[in-house]
Every structure is written in structure tokens, then in C-alpha cells.
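Worksheet: the structure to be examined is printed underneath.
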Amino acid sequence: MIYALIAAALVAVDQIVKYLVMTHIPAGGHVPLVPYLVELTYVTNTGAAFSIFSEHTWALALVSLVMSLALALALWKNLFRHPFGKLALTLLLAGAVGNLIDRAFRGFVVDMFNVLFMRFAVFNVADICVVVGGIAAGVYYMFLMDRLEPREETPNDDAEADR
């Protein structure tokens, strides 16, 4: 239940920030957030990361919907039993839902964070959730799953240990 609340809170933050940007910054306009590091820039994106698949917003919305359902099911079914793994899934879910809402109701995703110290795509809170959640899920799977998840013993485990 706590993970559903976390996901809902992150989706709410994502949507509130997008609403504030759309109502207070003209399209293409920008406002300093952290001088010389980050500015808020109101841009729309009909595609995915770096505007790829920009002509297929409906397909991206469908992928977001399928992924949202799969991630919610994974959380509900306890695919990862450790809180770190569950948090990774929660972040991925929040990001997928945040951008799904944009694609379904606006026909585009609202992006706003523009880093100034390097050339990079403008992104949003949902994108941050997806990236951090994806990295956390990868770390969890690659390095922590064997240590944190209890192993289910099979009859062959005992036989192999006796050899």
C-alpha cells in the first residue's frame, strides 16, 4: 500500500509541476531555476526520449499503458520482495503513468528541466522517475537480488551441496 501512495504522490508532483510550467511559462520560454545549472523551459514532446518516435504518440501511449499495468501487477504480486526492489518498480510505475497522462489527455508530454552545463534533452519529473527507477532496478537485479531475496531451495540444491 505504501508503494501505491508513493507512486501516486510522484505522479501528482509530476502533474503539478507540468501544470505550473504550462500556466506560468509561455511555450518555448524559460525561467532560471538554479543559475548556470538548470532552467525551466516549457517544451512539448510528442515522442519519447530525445523526441524519437515523435510521429507515434498513440503507440507510445499504448506502451506506457501496458508498462504501467505490468509494473502495477509486478508490485501487487511481490515480484521483488525487498523494499529497494519495490521502490525501483514504484519509480518506474510513477514515471510511466505521469507521461501516459500527458500523452492520453494532451497528445504530447510536457518537459521543463533544461540542464545548462551540457547539451541534453529537456526532461520532466516522470522522466527522472523512469531513469532513477531503471537504474535502481538494474542495480537491484545485477548486484543485490541474490543477497536480498530469499532463495527457494529445490531438491537438487541439497544433492549438489553433498558433492
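Residue numbers start at 1 in each chain; chains themselves are named A, B, ... in the order of the C-alpha cells; ligands are numbered from 1 in the order shown.
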Quick one: residues within 10 Å of segment 59-64 of chain A, only C-alpha atoms counted, chain neighbours fewer than 5 positions away excluded, as a list in words?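 Using only C-alpha atoms, the neighbours found are Thr46, Gly47, Ala48, Phe53, Ser54, Leu69, Ala70, Leu93, Gly95, Ala96, Val97, Gly98, Asn99, Leu100, Ile101, Asp102, Arg103, Ala104, Gly107 and Phe108 of chain A.
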Could you list, as a ChimeraX atom specification, every residue within 10 Å of Gly29 of chain A, counting only C-alpha atoms and ignoring same-chain residues fewer than 6 positions away? /A:21,40-43,112
Mind writing the picked residues with N, CA, C and O atoms as an mmCIF file, in the first residue's frame?
```cif
data_model
loop_
_atom_site.group_PDB
_atom_site.id
_atom_site.type_symbol
_atom_site.label_atom_id
_atom_site.label_comp_id
_atom_site.auth_asym_id
_atom_site.auth_seq_id
_atom_site.Cartn_x
_atom_site.Cartn_y
_atom_site.Cartn_z
ATOM 1 N N VAL A 21 4.191 24.911 -15.029
ATOM 2 C CA VAL A 21 5.009 25.344 -16.164
ATOM 3 C C VAL A 21 4.112 25.816 -17.309
ATOM 4 O O VAL A 21 4.345 26.875 -17.899
ATOM 5 N N LEU A 40 14.021 26.236 -16.115
ATOM 6 C CA LEU A 40 12.739 25.671 -16.513
ATOM 7 C C LEU A 40 12.433 26.193 -17.908
ATOM 8 O O LEU A 40 12.401 27.403 -18.139
ATOM 9 N N THR A 41 12.248 25.284 -18.834
ATOM 10 C CA THR A 41 11.952 25.623 -20.219
ATOM 11 C C THR A 41 10.709 24.845 -20.625
ATOM 12 O O THR A 41 10.694 23.616 -20.537
ATOM 13 N N TYR A 42 9.670 25.526 -21.055
ATOM 14 C CA TYR A 42 8.432 24.855 -21.433
ATOM 15 C C TYR A 42 8.524 24.378 -22.873
ATOM 16 O O TYR A 42 8.510 25.174 -23.808
ATOM 17 N N VAL A 43 8.628 23.071 -23.043
ATOM 18 C CA VAL A 43 8.609 22.463 -24.375
ATOM 19 C C VAL A 43 7.635 21.288 -24.358
ATOM 20 O O VAL A 43 7.361 20.707 -23.305
ATOM 21 N N MET A 112 10.319 20.194 -18.979
ATOM 22 C CA MET A 112 10.660 21.513 -18.436
ATOM 23 C C MET A 112 12.072 21.664 -17.903
ATOM 24 O O MET A 112 12.565 22.768 -17.831
#
```
Test item: residues at most 8 Å from Tyr3 of chain A, only C-alpha atoms, excluding those fewer than 6 positions along its chain, as a list in words: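 Counting only C-alpha atoms, the residues come to Lys86, Leu87 and Thr90 of chain A.
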With N, CA, C and O atoms retained, export the selected residues as an mmCIF file, in the first residue's frame.
```cif
data_model
loop_
_atom_site.group_PDB
_atom_site.id
_atom_site.type_symbol
_atom_site.label_atom_id
_atom_site.label_comp_id
_atom_site.auth_asym_id
_atom_site.auth_seq_id
_atom_site.Cartn_x
_atom_site.Cartn_y
_atom_site.Cartn_z
ATOM 1 N N LYS A 86 11.095 -2.953 -4.615
ATOM 2 C CA LYS A 86 9.749 -2.406 -4.725
ATOM 3 C C LYS A 86 9.784 -0.907 -5.025
ATOM 4 O O LYS A 86 8.972 -0.402 -5.807
ATOM 5 N N LEU A 87 10.723 -0.212 -4.422
ATOM 6 C CA LEU A 87 10.853 1.217 -4.687
ATOM 7 C C LEU A 87 11.265 1.462 -6.139
ATOM 8 O O LEU A 87 10.766 2.392 -6.785
ATOM 9 N N THR A 90 8.242 1.075 -8.150
ATOM 10 C CA THR A 90 7.355 2.209 -7.883
ATOM 11 C C THR A 90 7.766 3.435 -8.687
ATOM 12 O O THR A 90 6.922 4.132 -9.259
#
```
I need the residues of segment 10-157 of chain A that end up classed as alpha helix (DSSP H) by DSSP on the backbone, written out as a ChimeraX atom specification. /A:10-24,57-76,83-105,125-139,145-148,155-157
Save out the residues we just selected, C-alpha atoms, as an mmCIF file, in the first residue's frame.
```
data_model
loop_
_atom_site.group_PDB
_atom_site.id
_atom_site.type_symbol
_atom_site.label_atom_id
_atom_site.label_comp_id
_atom_site.auth_asym_id
_atom_site.auth_seq_id
_atom_site.Cartn_x
_atom_site.Cartn_y
_atom_site.Cartn_z
ATOM 1 C CA LEU A 10 5.156 11.223 -7.550
ATOM 2 C CA VAL A 11 2.533 11.314 -10.314
ATOM 3 C CA ALA A 12 0.858 14.223 -8.519
ATOM 4 C CA VAL A 13 4.155 16.125 -8.249
ATOM 5 C CA ASP A 14 4.829 15.468 -11.942
ATOM 6 C CA GLN A 15 1.405 16.744 -12.988
ATOM 7 C CA ILE A 16 1.521 19.783 -10.674
ATOM 8 C CA VAL A 17 4.937 20.841 -11.992
ATOM 9 C CA LYS A 18 3.708 20.392 -15.570
ATOM 10 C CA TYR A 19 0.576 22.437 -14.841
ATOM 11 C CA LEU A 20 2.606 25.237 -13.236
ATOM 12 C CA VAL A 21 5.009 25.344 -16.164
ATOM 13 C CA MET A 22 2.161 25.419 -18.711
ATOM 14 C CA THR A 23 0.352 28.217 -16.883
ATOM 15 C CA HIS A 24 3.330 30.413 -15.973
ATOM 16 C CA THR A 57 2.306 9.358 -29.811
ATOM 17 C CA TRP A 58 -0.567 6.848 -29.744
ATOM 18 C CA ALA A 59 1.868 3.913 -29.847
ATOM 19 C CA LEU A 60 3.929 5.445 -27.039
ATOM 20 C CA ALA A 61 0.730 5.934 -25.023
ATOM 21 C CA LEU A 62 -0.123 2.266 -25.562
ATOM 22 C CA VAL A 63 3.371 1.188 -24.474
ATOM 23 C CA SER A 64 3.074 3.412 -21.391
ATOM 24 C CA LEU A 65 -0.289 1.858 -20.561
ATOM 25 C CA VAL A 66 0.978 -1.712 -20.951
ATOM 26 C CA MET A 67 4.099 -0.948 -18.900
ATOM 27 C CA SER A 68 2.032 0.766 -16.202
ATOM 28 C CA LEU A 69 -0.211 -2.283 -15.900
ATOM 29 C CA ALA A 70 2.774 -4.658 -15.894
ATOM 30 C CA LEU A 71 4.604 -2.639 -13.231
ATOM 31 C CA ALA A 72 1.481 -2.364 -11.049
ATOM 32 C CA LEU A 73 0.999 -6.136 -11.366
ATOM 33 C CA ALA A 74 4.663 -6.755 -10.503
ATOM 34 C CA LEU A 75 4.256 -4.670 -7.349
ATOM 35 C CA TRP A 76 0.961 -6.334 -6.434
ATOM 36 C CA PRO A 83 11.836 -2.666 -0.269
ATOM 37 C CA PHE A 84 14.651 -1.436 -2.552
ATOM 38 C CA GLY A 85 13.297 -3.529 -5.427
ATOM 39 C CA LYS A 86 9.749 -2.406 -4.725
ATOM 40 C CA LEU A 87 10.853 1.217 -4.687
ATOM 41 C CA ALA A 88 12.539 0.759 -8.069
ATOM 42 C CA LEU A 89 9.292 -0.632 -9.516
ATOM 43 C CA THR A 90 7.355 2.209 -7.883
ATOM 44 C CA LEU A 91 9.548 4.847 -9.516
ATOM 45 C CA LEU A 92 9.191 3.165 -12.912
ATOM 46 C CA LEU A 93 5.406 2.992 -12.448
ATOM 47 C CA ALA A 94 5.140 6.658 -11.446
ATOM 48 C CA GLY A 95 7.160 7.746 -14.475
ATOM 49 C CA ALA A 96 5.154 5.618 -16.886
ATOM 50 C CA VAL A 97 1.838 6.884 -15.504
ATOM 51 C CA GLY A 98 2.974 10.531 -15.435
ATOM 52 C CA ASN A 99 3.884 10.536 -19.113
ATOM 53 C CA LEU A 100 0.862 8.352 -20.010
ATOM 54 C CA ILE A 101 -1.450 11.018 -18.584
ATOM 55 C CA ASP A 102 0.186 13.637 -20.810
ATOM 56 C CA ARG A 103 0.031 11.522 -23.956
ATOM 57 C CA ALA A 104 -3.567 10.433 -23.349
ATOM 58 C CA PHE A 105 -5.020 13.817 -22.389
ATOM 59 C CA VAL A 125 9.663 14.658 -13.226
ATOM 60 C CA ALA A 126 8.251 11.477 -14.789
ATOM 61 C CA ASP A 127 11.433 11.069 -16.846
ATOM 62 C CA ILE A 128 13.503 11.404 -13.669
ATOM 63 C CA CYS A 129 11.405 8.667 -12.055
ATOM 64 C CA VAL A 130 11.912 6.358 -15.050
ATOM 65 C CA VAL A 131 15.682 6.899 -15.175
ATOM 66 C CA VAL A 132 16.257 6.577 -11.422
ATOM 67 C CA GLY A 133 13.856 3.628 -11.203
ATOM 68 C CA GLY A 134 15.503 1.898 -14.150
ATOM 69 C CA ILE A 135 18.978 2.333 -12.702
ATOM 70 C CA ALA A 136 17.760 1.150 -9.287
ATOM 71 C CA ALA A 137 16.062 -1.904 -10.820
ATOM 72 C CA GLY A 138 19.225 -2.740 -12.744
ATOM 73 C CA VAL A 139 21.411 -2.377 -9.649
ATOM 74 C CA MET A 145 18.852 -9.693 -5.793
ATOM 75 C CA ASP A 146 20.843 -12.780 -4.789
ATOM 76 C CA ARG A 147 21.777 -11.210 -1.461
ATOM 77 C CA LEU A 148 18.447 -9.617 -0.578
ATOM 78 C CA PRO A 155 15.564 -30.856 -4.121
ATOM 79 C CA ASN A 156 18.671 -30.610 -6.355
ATOM 80 C CA ASP A 157 20.239 -27.928 -4.107
#
```
Find the spatial neighbours of Glu39 of chain A, counting only C-alpha atoms, within a cut-off of 8 Å - ignore same-chain residues fewer than 4 positions away - and output them as a count of residues only. 11
So how far away is atom CA of Leu5 of chain A from atom CA of Leu144 of chain A, in Å?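 Distance reported for this atom pair: 24.7 Å.
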Every residue of chain A that DSSP places in strand (DSSP E or B), as a PyMOL selection string: chain A and resi 30-34+38-45+109-115+123
Calculate how many Å separate atom CA of Thr44 of chain A from atom CA of Gly28 of chain A, rounding to one decimal.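 Interatomic distance here is 8.7 Å.
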Separation of atom CA of Ala27 of chain A and atom CA of Asn124 of chain A, in Å?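 Answer for the atom CA of Ala27 of chain A to atom CA of Asn124 of chain A separation: 14.9 Å.
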